[in-house]
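All remarks here apply to the structure that follows.
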Amino acid sequence: MPATPIPGSSRTLRVWLLLLAILAVAVSLRAYDLTGKCLWIDEANSVSIASEPVPERLATLRLDSSPPLYYFALRGWMDGLGGGEAAVRALSVVGGVLLVGLTFWVGSSLFSVRVGAIAACYLAVSPVQIFYSQQYRMYSWLTALSILSGFFLWRAVRSGRPRFIVGYALATLAALYLHNVAFYLLPGHLVILAWQRFWKRNLLWWVAATIVVLALYLPWMPTLLEQVRNETHYAWFQQHWEKMGPLGALGRSVVAFSPSFPELPFQFAEPVPVYVLAAVAASILALVGTVAGVVRAGGVVGAGGSGASGVGMTEASIRPNTIWAVLMCVLPLGSGILASVLLQPSYVPGRSDQIALPAFALLVSLGLSVIRPAWLRWTSVAGVLAIAGLSSTHYYDNESDRSEREIAQVIDQNSRAGDIVICTSLTRAPIEYYLTQGLRDRSDDDSHGLTILSFPRDTARHLGNQNDRELLSNPPRLAAEADSVWGEVQRIVRGREDVRVFVLVDLTEVNRAFHEALRSGQERIGYRELRSVGVFRQSGTGHRIGVDVAVFRNSS
């Protein structure tokens, strides 16, 4: 199955210019207002893990749901470009733009330049992909590797060429080392291998590639098993899964795939009717593309037109290519949902499903490409892209998302070396990030920095995890931990003068005991002054929680 050559130098130039124009749009949408939003808990936790020495980094990941590749890449990226918001987020921008380019290549190779271009545009303006391309997280890269892995697999089983087998092995290994969600891809890959009877072509290469991948992944296997047994990491998601169920999760994935998805992923608000309508329309287009490619493949060839289809695009190739796209879209979603039913719920709609989005975009593009007449087709394409573009503007509305910076600035402007910051629940990671990324500018000696304490205590082990259900099941333990934190504060300030203690109180049920201890702590330690500084967003919920910062200053 050869790649799609484009005859004629002028035509090749037009295709390259088209690709560059699409990539320019993708870069612009992802680079715009890159530092407008404050980094949130998961982003700050990524930087925290990447900044640790290698042994500590690997130990922390035992409590996470991710392998180490992204954190090693992020560390190298920060070493080269610095740890500022724009520099670090640029890594995800590159992954998002790469995804758009890969989709253009895959769509043009398997269907037509028209299909590839429409699918690439769909992803270039995808609200959820813009969101992930502006985060210190691995999801834009994971989505890019998912389409690359699937495409190399398809080229390998269709052509039997060793270089595609090697490419598939490397892309799949990279995806598995990037995030555990990549395992959802493998059942679909196995179905494709069985369907195409891979053993008939270069069986030894397949065996060798499998052995190499297993051997290279084997060192991580013990940690993976620890992650699977860890019930804390996805504890926050349990209540949402119980509410939505498998079908609800699938429905939310379809909404996330649609061109109108301005809500933050995994916010789990009630679906707005207009988003549902957009999801239904996108699903219909994907279904039309599936039917056109499988049942009426000849019509798809005809839809390519003399200026859009590539050499070698025939009815015999369109049908299996479409089935491949369907399998790459449907089976990862089904695998993730099934794993969440049988094991711990970990299929997070709007996040875990992104590995299937490129295939969905190809099917939508197929559906759009067969619309007749031409004016209606391009009007439909323009409408879909316009809706996505308008929805994406929601992510640039950042006025209410700056509280973490403001809180860190207040602490920075009013603290000295040796002062104390107490962070409750998951407030620590973003504050710690901003306090260590150049905010502090002191003329006096601040070599000792700030002492940062966490409540509950275990939160310090992994700044992105907290199992509220487990903590609330043992109130005496929470009360004892609160007393322990205040006892440590007493030990630190004993015998010292003019010590300031900044307390960030996330007013949730878990912190009730701590808040009560805070009131008595004022009398016991002898500090004064209490004020509210800003608003902080809880990990994974998307809603805002009031954060009180109590500043106590030693009066002795």
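Ordered as shown in the structure tokens, chains take letters A, B, and onward, while each chain numbers its residues from 1 and ligands are numbered from 1 in the order shown.
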Report task. Pick out the residues sitting within 12 Å of Val330 of chain A, and hand them over as JSON, numbers by chain; count only C-alpha atoms, and ignore anything fewer than 4 positions along from it in its own chain. Result -> {"A": [184, 185, 187, 188, 189, 191, 250, 253, 254, 286, 287, 290, 323, 324, 325, 326, 334, 335, 336, 337, 353, 354, 355, 356, 357, 358, 359, 360, 363]}
Please write the residues from the selection above to a file, keeping C-alpha atoms, as a short mmCIF file (atom, residue, chain, number, x, y, z; two decimals), in the first residue's frame.
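The file below, selection-v3.cif, is the result:
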```cif
data_model
loop_
_atom_site.label_atom_id
_atom_site.label_comp_id
_atom_site.auth_asym_id
_atom_site.auth_seq_id
_atom_site.Cartn_x
_atom_site.Cartn_y
_atom_site.Cartn_z
CA TYR A 184 -6.32 0.81 25.32
CA LEU A 185 -4.86 0.85 21.80
CA PRO A 187 -6.85 -4.69 21.57
CA GLY A 188 -7.61 -2.80 18.37
CA HIS A 189 -4.12 -3.48 17.09
CA VAL A 191 -7.84 -7.25 15.89
CA LEU A 250 -19.11 7.07 26.09
CA SER A 253 -16.46 11.15 24.82
CA VAL A 254 -18.56 11.79 21.73
CA ALA A 286 -18.62 10.01 11.01
CA LEU A 287 -21.34 7.44 10.31
CA THR A 290 -18.07 4.99 7.49
CA ILE A 323 -12.50 -0.24 8.36
CA TRP A 324 -9.06 0.44 9.84
CA ALA A 325 -10.18 3.94 10.84
CA VAL A 326 -13.37 2.55 12.42
CA GLY A 334 -14.46 0.11 24.17
CA SER A 335 -11.24 -1.17 25.74
CA GLY A 336 -11.02 1.78 28.11
CA ILE A 337 -14.64 1.48 29.21
CA ASP A 353 -10.50 9.02 24.78
CA GLN A 354 -8.17 11.37 22.90
CA ILE A 355 -6.19 8.44 21.50
CA ALA A 356 -9.23 7.71 19.29
CA LEU A 357 -9.88 11.30 18.19
CA PRO A 358 -7.66 11.29 15.03
CA ALA A 359 -9.51 8.28 13.62
CA PHE A 360 -12.84 9.94 14.43
CA LEU A 363 -14.29 9.48 9.51
#
```
Query raised in the report: Near Arg75 of chain A, counting only C-alpha atoms, which residues have an atom at most 7 Å away, once you skip same-chain residues fewer than 3 positions from it, shown as a PyMOL selection string?
Result: chain A and resi 50-51+71-72+78-79
Limited to N, CA and C atoms, could you put the picked residues into a file as an mmCIF file, in the first residue's frame?
```cif
data_model
loop_
_atom_site.group_PDB
_atom_site.id
_atom_site.type_symbol
_atom_site.label_atom_id
_atom_site.label_comp_id
_atom_site.auth_asym_id
_atom_site.auth_seq_id
_atom_site.Cartn_x
_atom_site.Cartn_y
_atom_site.Cartn_z
ATOM 1 N N ALA A 50 9.087 16.076 37.335
ATOM 2 C CA ALA A 50 10.208 16.192 36.402
ATOM 3 C C ALA A 50 11.425 16.837 37.052
ATOM 4 N N SER A 51 11.209 17.672 38.056
ATOM 5 C CA SER A 51 12.309 18.385 38.703
ATOM 6 C C SER A 51 13.037 17.543 39.740
ATOM 7 N N TYR A 71 8.104 12.673 31.739
ATOM 8 C CA TYR A 71 8.785 13.435 32.784
ATOM 9 C C TYR A 71 10.279 13.578 32.488
ATOM 10 N N PHE A 72 10.871 12.559 31.863
ATOM 11 C CA PHE A 72 12.261 12.689 31.447
ATOM 12 C C PHE A 72 12.377 13.686 30.295
ATOM 13 N N MET A 78 13.031 21.469 30.033
ATOM 14 C CA MET A 78 13.216 22.565 30.991
ATOM 15 C C MET A 78 14.692 22.912 31.149
ATOM 16 N N ASP A 79 15.556 21.909 31.103
ATOM 17 C CA ASP A 79 16.990 22.186 31.196
ATOM 18 C C ASP A 79 17.451 23.056 30.028
#
```
Query raised in the report: Which polymer residues have any atom within 9 Å of an atom of segment 214-219 of chain A, counting only C-alpha atoms, with same-chain residues fewer than 4 positions away left out, as a PyMOL selection string?
Result: chain A and resi 173+176-177+209-210+223
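The space separating atom CA of Ser133 of chain A from atom CA of Ser92 of chain A comes to 4.7 Å.
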Query - Arg405 of chain A surroundings by only C-alpha atoms, 8 Å radius, close-in-sequence under 2 positions cut, as number ranges by chain - result: A: 38, 402-403, 407-409, 431, 434
Next, the residues of the selection above should be written as a PDB file, in the first residue's frame with N, CA and C atoms.
```pdb
ATOM      1  N   CYS A  38      -3.455  30.240  34.604  1.00  0.00           N
ATOM      2  CA  CYS A  38      -2.555  29.700  35.622  1.00  0.00           C
ATOM      3  C   CYS A  38      -2.426  28.195  35.430  1.00  0.00           C
ATOM      4  N   ARG A 402      -6.474  33.182  37.562  1.00  0.00           N
ATOM      5  CA  ARG A 402      -5.143  33.659  37.913  1.00  0.00           C
ATOM      6  C   ARG A 402      -4.878  33.649  39.410  1.00  0.00           C
ATOM      7  N   SER A 403      -5.728  32.991  40.136  1.00  0.00           N
ATOM      8  CA  SER A 403      -5.623  33.077  41.588  1.00  0.00           C
ATOM      9  C   SER A 403      -4.345  32.451  42.118  1.00  0.00           C
ATOM     10  N   ILE A 407      -1.942  34.328  44.676  1.00  0.00           N
ATOM     11  CA  ILE A 407      -1.630  33.813  46.012  1.00  0.00           C
ATOM     12  C   ILE A 407      -0.124  33.727  46.201  1.00  0.00           C
ATOM     13  N   ALA A 408       0.578  33.196  45.189  1.00  0.00           N
ATOM     14  CA  ALA A 408       2.038  33.081  45.291  1.00  0.00           C
ATOM     15  C   ALA A 408       2.685  34.458  45.395  1.00  0.00           C
ATOM     16  N   GLN A 409       2.154  35.436  44.662  1.00  0.00           N
ATOM     17  CA  GLN A 409       2.715  36.787  44.727  1.00  0.00           C
ATOM     18  C   GLN A 409       2.525  37.406  46.105  1.00  0.00           C
ATOM     19  N   ILE A 431       1.260  26.477  43.964  1.00  0.00           N
ATOM     20  CA  ILE A 431       1.901  27.512  44.769  1.00  0.00           C
ATOM     21  C   ILE A 431       3.407  27.290  44.818  1.00  0.00           C
ATOM     22  N   TYR A 434       5.022  28.393  41.446  1.00  0.00           N
ATOM     23  CA  TYR A 434       5.185  29.831  41.256  1.00  0.00           C
ATOM     24  C   TYR A 434       6.194  30.435  42.222  1.00  0.00           C
TER      25      TYR A 434
END
```
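Checking A:Ser65, A:Thr451, A:Ser109, A:Ser346 one by one against Val503 of chain A, counting only C-alpha atoms, you find the shortest gap at A:Thr451.
Between atom CA of Val421 of chain A and atom CA of Leu450 of chain A there is a distance of 6.9 Å.
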Requested in this report: Considering only C-alpha atoms, return as number ranges by chain whatever protein or nucleic-acid residues lie within 8 Å of segment 128-132 of chain A, sequence-local ones (same chain, fewer than 3 positions apart) excluded.
Outcome: A: 29-30, 92, 96, 123-125, 135, 137, 139-140, 256-257, 261-262, 264-265, 350, 392, 395
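Atom CA of Val348 of chain A is positioned 18.1 Å from atom CA of Ser126 of chain A.
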